[in-house]
>>> print(open('final-v9.pdb').read())   # PDB, C-alpha atoms (C1' of nucleotides)
ATOM      1  CA  MET A1412     -14.285 -15.712  -3.868
ATOM      2  CA  ALA A1413     -15.624 -12.680  -2.046
ATOM      3  CA  GLU A1414     -12.330 -12.473  -0.250
ATOM      4  CA  ARG A1415     -10.465 -12.433  -3.499
ATOM      5  CA  LYS A1416     -12.600  -9.636  -4.825
ATOM      6  CA  ARG A1417     -12.025  -7.700  -1.641
ATOM      7  CA  LYS A1418      -8.317  -8.237  -2.046
ATOM      8  CA  GLN A1419      -8.373  -6.974  -5.577
ATOM      9  CA  LEU A1420     -10.394  -4.000  -4.516
ATOM     10  CA  SER A1421      -7.966  -3.260  -1.761
ATOM     11  CA  ARG A1422      -4.978  -3.546  -4.051
ATOM     12  CA  ASN A1423      -6.527  -0.922  -6.197
ATOM     13  CA  GLU A1424      -6.988   1.321  -3.221
ATOM     14  CA  LYS A1425      -3.426   0.803  -2.197
ATOM     15  CA  GLU A1426      -2.221   2.144  -5.500
ATOM     16  CA  LYS A1427      -4.453   5.175  -5.149
ATOM     17  CA  ALA A1428      -3.236   5.799  -1.621
ATOM     18  CA  LYS A1429       0.310   5.729  -2.885
ATOM     19  CA  SER A1430      -0.196   8.692  -5.160
ATOM     20  CA  LYS A1431      -1.605  10.732  -2.321
ATOM     21  CA  GLY A1432       1.690  10.581  -0.494
ATOM     22  CA  GLY A1433       2.213   9.054   2.889
ATOM     23  CA  SER A1434       4.337   6.445   1.223
ATOM     24  CA  ASP A1435       7.336   8.695   1.127
ATOM     25  CA  LYS A1436       9.041   6.729   3.823
ATOM     26  CA  CYS A1437       8.798   3.609   1.764
ATOM     27  CA  LYS A1438       9.991   5.314  -1.376
ATOM     28  CA  GLN A1439      12.829   6.854   0.506
ATOM     29  CA  HIS A1440      14.074   3.505   1.678
ATOM     30  CA  VAL A1441      13.217   1.469  -1.334
ATOM     31  CA  THR A1442      14.546   3.539  -4.190
ATOM     32  CA  THR A1443      18.193   2.657  -4.172
ATOM     33  CA  GLU A1444      20.381   0.372  -2.236
ATOM     34  CA  THR A1445      22.993   3.047  -1.692
ATOM     35  CA  ARG A1446      20.530   5.302  -0.010
ATOM     36  CA  GLU A1447      19.364   2.520   2.277
ATOM     37  CA  SER A1448      22.877   1.812   3.398
ATOM     38  CA  ARG A1449      23.428   5.445   4.155
ATOM     39  CA  TYR A1450      20.218   5.537   6.129
ATOM     40  CA  PHE A1451      21.411   2.722   8.241
ATOM     41  CA  THR A1452      24.889   4.017   8.719
ATOM     42  CA  CYS A1453      23.458   7.293   9.955
ATOM     43  CA  ASP A1454      21.160   5.564  12.359
ATOM     44  CA  GLN A1455      23.546   2.921  13.513
ATOM     45  CA  THR A1456      24.129   4.540  16.864
ATOM     46  CA  HIS A1457      20.440   4.533  17.635
ATOM     47  CA  LEU A1458      19.898   0.887  16.773
ATOM     48  CA  GLN A1459      19.649  -1.797  19.386
ATOM     49  CA  PRO A1460      20.673  -4.917  17.547
ATOM     50  CA  HIS A1461      18.712  -7.955  18.612
ATOM     51  CA  LEU A1462      15.543  -7.110  20.431
ATOM     52  CA  GLY A1463      15.544  -9.563  23.286
ATOM     53  CA  GLU A1464      13.215 -11.774  25.227
ATOM     54  CA  LEU A1465      11.602  -8.849  26.997
ATOM     55  CA  PHE A1466      10.296  -7.407  23.759
ATOM     56  CA  PHE A1467       8.549 -10.592  22.720
ATOM     57  CA  ARG A1468       7.018 -11.134  26.134
ATOM     58  CA  GLN A1469       3.943  -9.041  25.385
ATOM     59  CA  PRO A1470       0.320  -9.962  24.782
ATOM     60  CA  CYS A1471      -0.282 -11.028  21.189
ATOM     61  CA  VAL A1472      -2.074  -7.923  19.942
ATOM     62  CA  THR A1473       0.365  -5.614  21.690
ATOM     63  CA  LEU A1474       3.276  -7.479  20.166
ATOM     64  CA  ALA A1475       1.713  -7.510  16.701
ATOM     65  CA  LYS A1476       1.502  -3.715  16.896
ATOM     66  CA  ALA A1477       4.952  -3.380  18.445
ATOM     67  CA  PHE A1478       6.445  -5.248  15.491
ATOM     68  CA  LEU A1479       5.435  -2.455  13.122
ATOM     69  CA  GLY A1480       8.408  -0.292  12.293
ATOM     70  CA  LYS A1481      10.939  -2.747  13.703
ATOM     71  CA  VAL A1482      13.582  -4.113  11.369
ATOM     72  CA  LEU A1483      13.772  -7.807  10.606
ATOM     73  CA  VAL A1484      17.292  -8.931   9.833
ATOM     74  CA  ARG A1485      18.349 -12.099   8.093
ATOM     75  CA  ARG A1486      21.996 -13.027   8.096
ATOM     76  CA  LEU A1487      22.855 -15.464   5.329
ATOM     77  CA  ASP A1488      25.543 -18.126   5.523
ATOM     78  CA  ASP A1489      28.034 -15.933   3.688
ATOM     79  CA  GLY A1490      27.513 -13.136   6.207
ATOM     80  CA  THR A1491      25.290 -11.003   3.990
ATOM     81  CA  GLU A1492      22.629  -9.205   5.984
ATOM     82  CA  LEU A1493      19.180  -8.593   4.543
ATOM     83  CA  ARG A1494      16.964  -6.034   6.222
ATOM     84  CA  GLY A1495      13.319  -5.144   6.003
ATOM     85  CA  ARG A1496      11.073  -2.930   8.059
ATOM     86  CA  VAL A1497       7.989  -4.721   9.348
ATOM     87  CA  VAL A1498       4.947  -2.933   7.922
ATOM     88  CA  GLU A1499       2.168  -5.510   8.326
ATOM     89  CA  THR A1500       1.375  -8.168  10.934
ATOM     90  CA  GLU A1501      -1.502 -10.291  12.149
ATOM     91  CA  ALA A1502      -2.285 -11.532  15.638
ATOM     92  CA  TYR A1503      -3.358 -15.137  16.146
ATOM     93  CA  LEU A1504      -4.514 -15.450  19.698
ATOM     94  CA  GLY A1505      -4.623 -19.196  20.200
ATOM     95  CA  GLY A1506      -7.291 -20.899  22.309
ATOM     96  CA  GLU A1507     -10.508 -19.014  21.617
ATOM     97  CA  ASP A1508      -9.275 -17.700  18.245
ATOM     98  CA  LYS A1509     -10.865 -20.059  15.759
ATOM     99  CA  ALA A1510      -8.615 -18.893  12.946
ATOM    100  CA  SER A1511      -5.483 -19.783  14.854
ATOM    101  CA  HIS A1512      -3.630 -23.016  14.222
ATOM    102  CA  SER A1513      -3.758 -23.433  17.970
ATOM    103  CA  ALA A1514      -7.534 -22.895  18.202
ATOM    104  CA  GLY A1515      -9.072 -24.712  21.105
ATOM    105  CA  GLY A1516      -5.650 -25.227  22.597
ATOM    106  CA  LYS A1517      -4.945 -27.810  19.929
ATOM    107  CA  ARG A1518      -1.296 -28.651  19.960
ATOM    108  CA  THR A1519       0.332 -30.640  17.167
ATOM    109  CA  GLY A1520       3.814 -31.268  15.914
ATOM    110  CA  ARG A1521       3.399 -28.496  13.431
ATOM    111  CA  ASN A1522       2.248 -25.739  15.770
ATOM    112  CA  THR A1523       4.397 -26.601  18.779
ATOM    113  CA  ALA A1524       6.393 -23.387  18.346
ATOM    114  CA  MET A1525       3.239 -21.370  19.074
ATOM    115  CA  PHE A1526       3.266 -22.778  22.588
ATOM    116  CA  MET A1527       6.939 -22.189  23.173
ATOM    117  CA  LYS A1528       8.365 -19.139  24.894
ATOM    118  CA  PRO A1529       7.684 -15.691  23.441
ATOM    119  CA  GLY A1530      10.074 -14.972  20.596
ATOM    120  CA  THR A1531      10.029 -18.511  19.272
ATOM    121  CA  ILE A1532       9.764 -18.608  15.483
ATOM    122  CA  TYR A1533       6.916 -20.615  13.997
ATOM    123  CA  VAL A1534       7.445 -21.459  10.334
ATOM    124  CA  TYR A1535       4.893 -23.587   8.565
ATOM    125  CA  PRO A1536       4.262 -24.577   4.964
ATOM    126  CA  ILE A1537       1.047 -23.536   3.293
ATOM    127  CA  TYR A1538      -0.597 -24.619   0.056
ATOM    128  CA  GLY A1539       2.207 -27.053  -0.403
ATOM    129  CA  VAL A1540       4.435 -24.453  -1.950
ATOM    130  CA  TYR A1541       4.912 -21.572   0.432
ATOM    131  CA  LEU A1542       6.064 -20.811   3.947
ATOM    132  CA  CYS A1543       4.756 -18.349   6.508
ATOM    133  CA  MET A1544       6.683 -17.025   9.490
ATOM    134  CA  ASN A1545       5.168 -16.265  12.865
ATOM    135  CA  VAL A1546       6.657 -15.327  16.198
ATOM    136  CA  SER A1547       5.275 -16.652  19.432
ATOM    137  CA  SER A1548       3.992 -14.057  21.884
ATOM    138  CA  GLU A1549       2.878 -14.119  25.477
ATOM    139  CA  GLY A1550      -0.224 -16.269  25.888
ATOM    140  CA  ASP A1551      -0.715 -19.963  25.280
ATOM    141  CA  GLY A1552      -0.594 -20.785  21.579
ATOM    142  CA  ALA A1553      -0.543 -17.124  20.572
ATOM    143  CA  ALA A1554       1.658 -15.859  17.772
ATOM    144  CA  VAL A1555       2.178 -12.944  15.420
ATOM    145  CA  LEU A1556       2.246 -13.546  11.675
ATOM    146  CA  LEU A1557       4.713 -11.363   9.794
ATOM    147  CA  ARG A1558       2.929 -10.372   6.590
ATOM    148  CA  SER A1559       4.942  -7.665   4.865
ATOM    149  CA  LEU A1560       8.273  -5.921   4.949
ATOM    150  CA  GLU A1561       9.598  -2.799   3.375
ATOM    151  CA  PRO A1562      12.942  -3.854   1.903
ATOM    152  CA  LEU A1563      15.777  -1.789   3.351
ATOM    153  CA  GLN A1564      18.948  -3.636   2.566
ATOM    154  CA  GLY A1565      19.897  -6.417   0.187
ATOM    155  CA  HIS A1566      17.345  -5.748  -2.555
ATOM    156  CA  ALA A1567      19.406  -7.473  -5.209
ATOM    157  CA  ILE A1568      19.679 -10.664  -3.213
ATOM    158  CA  MET A1569      16.025 -10.553  -2.232
ATOM    159  CA  ARG A1570      15.111 -10.191  -5.875
ATOM    160  CA  GLN A1571      17.342 -13.103  -6.757
ATOM    161  CA  LEU A1572      15.814 -15.297  -4.051
ATOM    162  CA  ARG A1573      12.314 -14.383  -5.154
ATOM    163  CA  ALA A1574      13.098 -14.852  -8.833
ATOM    164  CA  SER A1575      14.393 -18.353  -8.262
ATOM    165  CA  LYS A1576      10.851 -19.434  -7.427
ATOM    166  CA  ARG A1577       9.335 -17.816 -10.503
ATOM    167  CA  LYS A1578       9.435 -18.468 -14.192
ATOM    168  CA  ASP A1579      12.599 -17.409 -15.981
ATOM    169  CA  LYS A1580      10.918 -14.938 -18.258
ATOM    170  CA  ALA A1581       8.619 -13.416 -15.634
ATOM    171  CA  ARG A1582       8.775  -9.631 -15.430
ATOM    172  CA  PRO A1583      11.244  -8.284 -12.871
ATOM    173  CA  LEU A1584       9.782  -7.493  -9.468
ATOM    174  CA  LYS A1585       9.521  -3.965  -8.197
ATOM    175  CA  ASP A1586      11.125  -3.261  -4.831
ATOM    176  CA  LYS A1587       7.781  -3.024  -3.118
ATOM    177  CA  GLU A1588       6.841  -6.459  -4.450
ATOM    178  CA  LEU A1589       9.798  -8.235  -2.904
ATOM    179  CA  CYS A1590       8.286  -8.749   0.553
ATOM    180  CA  ASN A1591       4.630  -7.693   0.279
ATOM    181  CA  GLY A1592       3.108 -10.923   1.508
ATOM    182  CA  PRO A1593       3.794 -13.527   4.193
ATOM    183  CA  SER A1594       5.278 -16.103   1.846
ATOM    184  CA  LYS A1595       7.017 -13.537  -0.300
ATOM    185  CA  LEU A1596       8.978 -12.269   2.659
ATOM    186  CA  CYS A1597       9.988 -15.805   3.524
ATOM    187  CA  GLN A1598      11.323 -16.265   0.015
ATOM    188  CA  ALA A1599      13.051 -12.886  -0.079
ATOM    189  CA  LEU A1600      14.815 -13.502   3.235
ATOM    190  CA  ASP A1601      15.438 -17.177   2.573
ATOM    191  CA  VAL A1602      13.491 -18.122   5.675
ATOM    192  CA  GLN A1603      13.576 -21.891   5.839
ATOM    193  CA  ARG A1604      11.511 -24.493   7.612
ATOM    194  CA  ARG A1605      14.427 -25.303   9.851
ATOM    195  CA  PHE A1606      13.908 -21.897  11.512
ATOM    196  CA  ASP A1607      10.784 -23.311  13.107
ATOM    197  CA  ARG A1608      11.172 -23.358  16.900
ATOM    198  CA  GLN A1609      14.291 -21.199  16.824
ATOM    199  CA  ASP A1610      14.400 -18.218  19.140
ATOM    200  CA  MET A1611      14.272 -14.841  17.448
ATOM    201  CA  ALA A1612      15.511 -13.220  20.651
ATOM    202  CA  SER A1613      18.850 -15.002  20.505
ATOM    203  CA  ASP A1614      19.275 -16.408  16.989
ATOM    204  CA  SER A1615      22.265 -15.465  14.872
ATOM    205  CA  GLU A1616      20.471 -15.933  11.527
ATOM    206  CA  VAL A1617      17.217 -14.052  12.122
ATOM    207  CA  TRP A1618      16.600 -11.266  14.557
ATOM    208  CA  LEU A1619      14.722  -8.069  15.126
ATOM    209  CA  GLU A1620      16.254  -4.625  15.518
ATOM    210  CA  ASP A1621      14.797  -1.589  17.168
ATOM    211  CA  THR A1622      14.733   1.781  15.446
ATOM    212  CA  ASP A1623      14.553   5.261  16.836
ATOM    213  CA  SER A1624      11.234   5.820  15.115
ATOM    214  CA  THR A1625       7.982   5.184  16.914
ATOM    215  CA  THR A1626       4.716   4.333  15.242
ATOM    216  CA  GLU A1627       2.064   6.896  16.041
ATOM    217  CA  VAL A1628      -1.446   5.590  16.554
ATOM    218  CA  HIS A1629      -2.748   7.428  13.512
ATOM    219  CA  GLU A1630      -0.128   5.751  11.344
ATOM    220  CA  MET A1631      -1.479   2.317  12.125
ATOM    221  CA  VAL A1632      -4.513   0.638  10.622
ATOM    222  CA  SER A1633      -6.369  -2.297  12.184
ATOM    223  CA  ALA A1634      -8.284  -4.481   9.753
ATOM    224  CA  PRO A1635      -9.669  -8.018   9.490
ATOM    225  CA  ARG A1636      -7.087 -10.668   8.802
ATOM    226  CA  ILE A1637      -6.491 -12.080   5.351
ATOM    227  CA  GLY A1638      -7.409 -15.485   4.026
ATOM    228  CA  ILE A1639      -9.426 -16.800   6.950
ATOM    229  CA  GLN A1640     -12.933 -16.113   5.671
ATOM    230  CA  SER A1641     -14.102 -19.548   6.720
ATOM    231  CA  HIS A1642     -13.707 -18.856  10.415
ATOM    232  CA  GLY A1643     -16.942 -16.995  11.130
ATOM    233  CA  GLU A1644     -16.847 -14.123  13.608
ATOM    234  CA  TRP A1645     -13.131 -14.513  14.093
ATOM    235  CA  ALA A1646     -12.608 -13.652  10.459
ATOM    236  CA  GLU A1647     -14.074 -10.202  11.106
ATOM    237  CA  LYS A1648     -12.022  -9.199  14.106
ATOM    238  CA  PRO A1649      -9.507  -6.434  13.364
ATOM    239  CA  LEU A1650      -6.399  -8.405  14.187
ATOM    240  CA  ARG A1651      -4.337  -7.315  11.203
ATOM    241  CA  PHE A1652      -2.168  -4.255  11.653
ATOM    242  CA  TYR A1653      -0.304  -2.242   9.073
ATOM    243  CA  LEU A1654       1.366   1.093   8.507
ATOM    244  CA  ARG A1655      -0.982   3.456   6.747
ATOM    245  CA  GLY A1656       0.154   4.555   3.326
ATOM    246  CA  ASN A1657       3.099   2.213   3.123
ATOM    247  CA  THR A1658       3.231   0.810  -0.405
ATOM    248  CA  CYS A1659       4.726  -2.457   0.770
ATOM    249  CA  VAL A1660       1.573  -3.504   2.623
ATOM    250  CA  SER A1661       0.103  -6.572   0.908
ATOM    251  CA  VAL A1662      -3.579  -5.662   1.101
ATOM    252  CA  VAL A1663      -4.965  -2.222   1.876
ATOM    253  CA  ASN A1664      -8.406  -2.026   3.454
ATOM    254  CA  LYS A1665      -9.945   1.344   2.713
ATOM    255  CA  GLU A1666     -12.960   0.834   4.922
ATOM    256  CA  ALA A1667     -10.775  -0.036   7.877
ATOM    257  CA  GLU A1668      -8.643   3.014   7.188
ATOM    258  CA  ARG A1669     -11.704   5.207   7.339
ATOM    259  CA  LEU A1670     -12.729   3.654  10.635
ATOM    260  CA  CYS A1671      -9.239   4.051  12.054
ATOM    261  CA  GLN A1672      -9.076   7.719  11.110
ATOM    262  CA  THR A1673      -8.481   9.893  14.124
TER     263      THR A1673
ATOM    264  C1'  DG B1188      -2.642   0.383 -15.920
ATOM    265  C1'  DG B1189      -6.245  -2.428 -13.579
ATOM    266  C1'  DT B1190      -9.080  -6.504 -12.475
ATOM    267  C1'  DA B1191     -10.584 -11.396 -12.343
ATOM    268  C1'  DC B1192      -9.762 -15.995 -12.089
ATOM    269  C1'  DG B1193      -7.845 -20.614 -12.500
ATOM    270  C1'  DA B1194      -3.955 -23.551 -11.462
ATOM    271  C1'  DT B1195      -0.858 -24.808  -8.368
ATOM    272  C1'  DA B1196       1.202 -28.509  -4.772
ATOM    273  C1'  DG B1197       2.359 -30.819  -0.388
ATOM    274  C1'  DG B1198       1.783 -31.388   4.427
ATOM    275  C1'  DC B1199      -1.335 -31.764   8.056
ATOM    276  C1'  DT B1200      -5.458 -33.772  10.324
TER     277       DT B1200
ATOM    278  C1'  DG C 942     -10.164 -32.393   2.102
ATOM    279  C1'  DC C 943      -8.532 -28.281   3.834
ATOM    280  C1'  DC C 944      -5.219 -24.589   4.012
ATOM    281  C1'  DT C 945      -2.785 -17.423   7.674
ATOM    282  C1'  DA C 946      -0.738 -17.633  -0.990
ATOM    283  C1'  DT C 947       1.150 -16.676  -5.148
ATOM    284  C1'  DC C 948       1.637 -16.539 -10.025
ATOM    285  C1'  DG C 949       0.499 -16.102 -14.851
ATOM    286  C1'  DT C 950      -2.674 -14.999 -18.090
ATOM    287  C1'  DA C 951      -6.706 -13.140 -20.114
ATOM    288  C1'  DC C 952      -9.512  -9.519 -20.431
ATOM    289  C1'  DC C 953     -11.039  -4.579 -19.735
ATOM    290  C1'  DG C 954     -11.004   0.517 -20.242
TER     291       DG C 954
END
>>> encode(input="final-v9.pdb", output="structure tokens")
Amino acid sequence: MAERKRKQLSRNEKEKAKSKGGSDKCKQHVTTETRESRYFTCDQTHLQPHLGELFFRQPCVTLAKAFLGKVLVRRLDDGTELRGRVVETEAYLGGEDKASHSAGGKRTGRNTAMFMKPGTIYVYPIYGVYLCMNVSSEGDGAAVLLRSLEPLQGHAIMRQLRASKRKDKARPLKDKELCNGPSKLCQALDVQRRFDRQDMASDSEVWLEDTDSTTEVHEMVSAPRIGIQSHGEWAEKPLRFYLRGNTCVSVVNKEAERLCQT
DNA sequence: GGTACGATAGGCT
DNA sequence: GCCTATCGTACCG
């Protein structure tokens, strides 16, 4: 309950932050599809399609931070490519991390992907209805949860995919609402359970692209993770990372932003 | 517009 | 029985 209140509070703060600017990048990319395409055409020469094994072979926290700003690509069966910039992640360290599915080194059928080589995708169902996508990092049972994307390409299809899980007469989703949560991004990119244990470093349906932009330290916020309030001290550790001011972040934590100010 | 809250549903342990 | 969420609706200013 307290968590929910905190969430609500944070959402409010997110909206406020938006009006202060700093979200221009998001706006710039999110406004129209045409503009996004142009952005990508311009930058095409600087992109390194398919970040490989080397990228994922980093310690969990380092990888969770390194994900920020990278572009997640989903290629659908018909060849359509959906793109979103990663703006929010969480690190689940495995072993000692009590909030991790692999806490205590516990290995089950479900979490096997967490123990596989860095870059392995871990997709699991939650609350019976939703999916969450993680990527295995260096370290036994460690993985990075992808929490939010800033839609860059394929908005219409993302909206369609998201709408199919909602009521017919529900209000249309804003661009920033398409991927602003771990399960929302799975819906928007049509991430399926069968992706579990696939290798993001070599897969032809989901991969990560580099960009020429680097995330400055002051642009990144570290905050406690979401939805794990029952895990004691591990619930407090700042293992969630997001891009400051980006309107596509699912939950803004004002206190953490103050602490991260440099 | 925002905030608060209840309902939801299925797999895993 | 718990769970790394989300949605719709009711209420508030």
>>> resolve_selection(input="final-v9.pdb", expression="the PyMOL selection byres ((chain B and resi 1188-1196) around 7)", output="list in words")
Gln1419, Tyr1538, Gly1539 and Val1540 of chain A; DG1197 of chain B
>>> write_last_selection(input="final-v9.pdb", atoms="C-alpha atoms (C1' of nucleotides)", output="PDB file, keeping the file's coordinate frame")
ATOM      1  CA  GLN A1419      -8.373  -6.974  -5.577  1.00  0.00           C
ATOM      2  CA  TYR A1538      -0.597 -24.619   0.056  1.00  0.00           C
ATOM      3  CA  GLY A1539       2.207 -27.053  -0.403  1.00  0.00           C
ATOM      4  CA  VAL A1540       4.435 -24.453  -1.950  1.00  0.00           C
TER       5      VAL A1540
ATOM      6  C1'  DG B1197       2.359 -30.819  -0.388  1.00  0.00           C
TER       7       DG B1197
END
>>> interface_residues(input="final-v9.pdb", of="chain C", to="chain A", cutoff="9 Å", atoms="all atoms listed in the file", output="ChimeraX atom specification")
/C:944-949
>>> write_last_selection(input="final-v9.pdb", atoms="C-alpha atoms (C1' of nucleotides)", output="CSV table (one decimal), in the coordinates of the input")
chain,number,residue,atom,x,y,z
C,944,DC,C1',-5.2,-24.6,4.0
C,945,DT,C1',-2.8,-17.4,7.7
C,946,DA,C1',-0.7,-17.6,-1.0
C,947,DT,C1',1.2,-16.7,-5.1
C,948,DC,C1',1.6,-16.5,-10.0
C,949,DG,C1',0.5,-16.1,-14.9
>>> closest_residue(input="final-v9.pdb", among="A:Val1546, A:Ala1567, A:Val1472, A:Leu1600", to="Asp1488 in chain A", atoms="all atoms listed in the file")
A:Leu1600
>>> atom_distance(input="final-v9.pdb", atom1="CA of Val1534 in chain A", atom2="CA of Phe1606 in chain A")
6.6 Å
>>> atom_distance(input="final-v9.pdb", atom1="CA of Asp1489 in chain A", atom2="CA of Asp1621 in chain A")
23.7 Å
>>> atom_distance(input="final-v9.pdb", atom1="CA of Thr1531 in chain A", atom2="CA of Ile1568 in chain A")
25.7 Å
>>> decode(input="final-v9.pdb", residues="range 1609-1642 of chain A", atoms="C-alpha atoms", output="mmCIF file, in the first residue's frame")
data_model
loop_
_atom_site.group_PDB
_atom_site.id
_atom_site.type_symbol
_atom_site.label_atom_id
_atom_site.label_comp_id
_atom_site.auth_asym_id
_atom_site.auth_seq_id
_atom_site.Cartn_x
_atom_site.Cartn_y
_atom_site.Cartn_z
ATOM 1 C CA GLN A 1609 17.065 -16.837 -26.460
ATOM 2 C CA ASP A 1610 20.274 -14.903 -26.931
ATOM 3 C CA MET A 1611 19.869 -11.175 -27.404
ATOM 4 C CA ALA A 1612 23.418 -10.986 -28.741
ATOM 5 C CA SER A 1613 22.612 -13.120 -31.765
ATOM 6 C CA ASP A 1614 18.820 -13.268 -32.116
ATOM 7 C CA SER A 1615 17.123 -12.145 -35.305
ATOM 8 C CA GLU A 1616 13.851 -11.130 -33.605
ATOM 9 C CA VAL A 1617 15.112 -9.074 -30.661
ATOM 10 C CA TRP A 1618 18.374 -7.243 -30.381
ATOM 11 C CA LEU A 1619 20.049 -4.185 -29.001
ATOM 12 C CA GLU A 1620 21.596 -1.384 -31.033
ATOM 13 C CA ASP A 1621 24.223 1.084 -29.997
ATOM 14 C CA THR A 1622 23.785 4.806 -30.533
ATOM 15 C CA ASP A 1623 26.305 7.569 -30.837
ATOM 16 C CA SER A 1624 24.935 9.215 -27.722
ATOM 17 C CA THR A 1625 26.445 8.528 -24.336
ATOM 18 C CA THR A 1626 24.628 8.846 -21.053
ATOM 19 C CA GLU A 1627 26.309 11.364 -18.800
ATOM 20 C CA VAL A 1628 26.384 10.544 -15.111
ATOM 21 C CA HIS A 1629 24.193 13.506 -14.243
ATOM 22 C CA GLU A 1630 21.540 12.287 -16.660
ATOM 23 C CA MET A 1631 21.093 9.059 -14.759
ATOM 24 C CA VAL A 1632 19.142 8.517 -11.567
ATOM 25 C CA SER A 1633 19.608 5.561 -9.212
ATOM 26 C CA ALA A 1634 16.596 4.694 -7.086
ATOM 27 C CA PRO A 1635 15.135 1.739 -5.180
ATOM 28 C CA ARG A 1636 13.529 -0.887 -7.346
ATOM 29 C CA ILE A 1637 9.794 -1.092 -7.862
ATOM 30 C CA GLY A 1638 7.377 -3.632 -6.483
ATOM 31 C CA ILE A 1639 9.687 -5.536 -4.161
ATOM 32 C CA GLN A 1640 8.779 -3.893 -0.863
ATOM 33 C CA SER A 1641 8.580 -7.243 0.871
ATOM 34 C CA HIS A 1642 12.279 -7.948 0.532
#
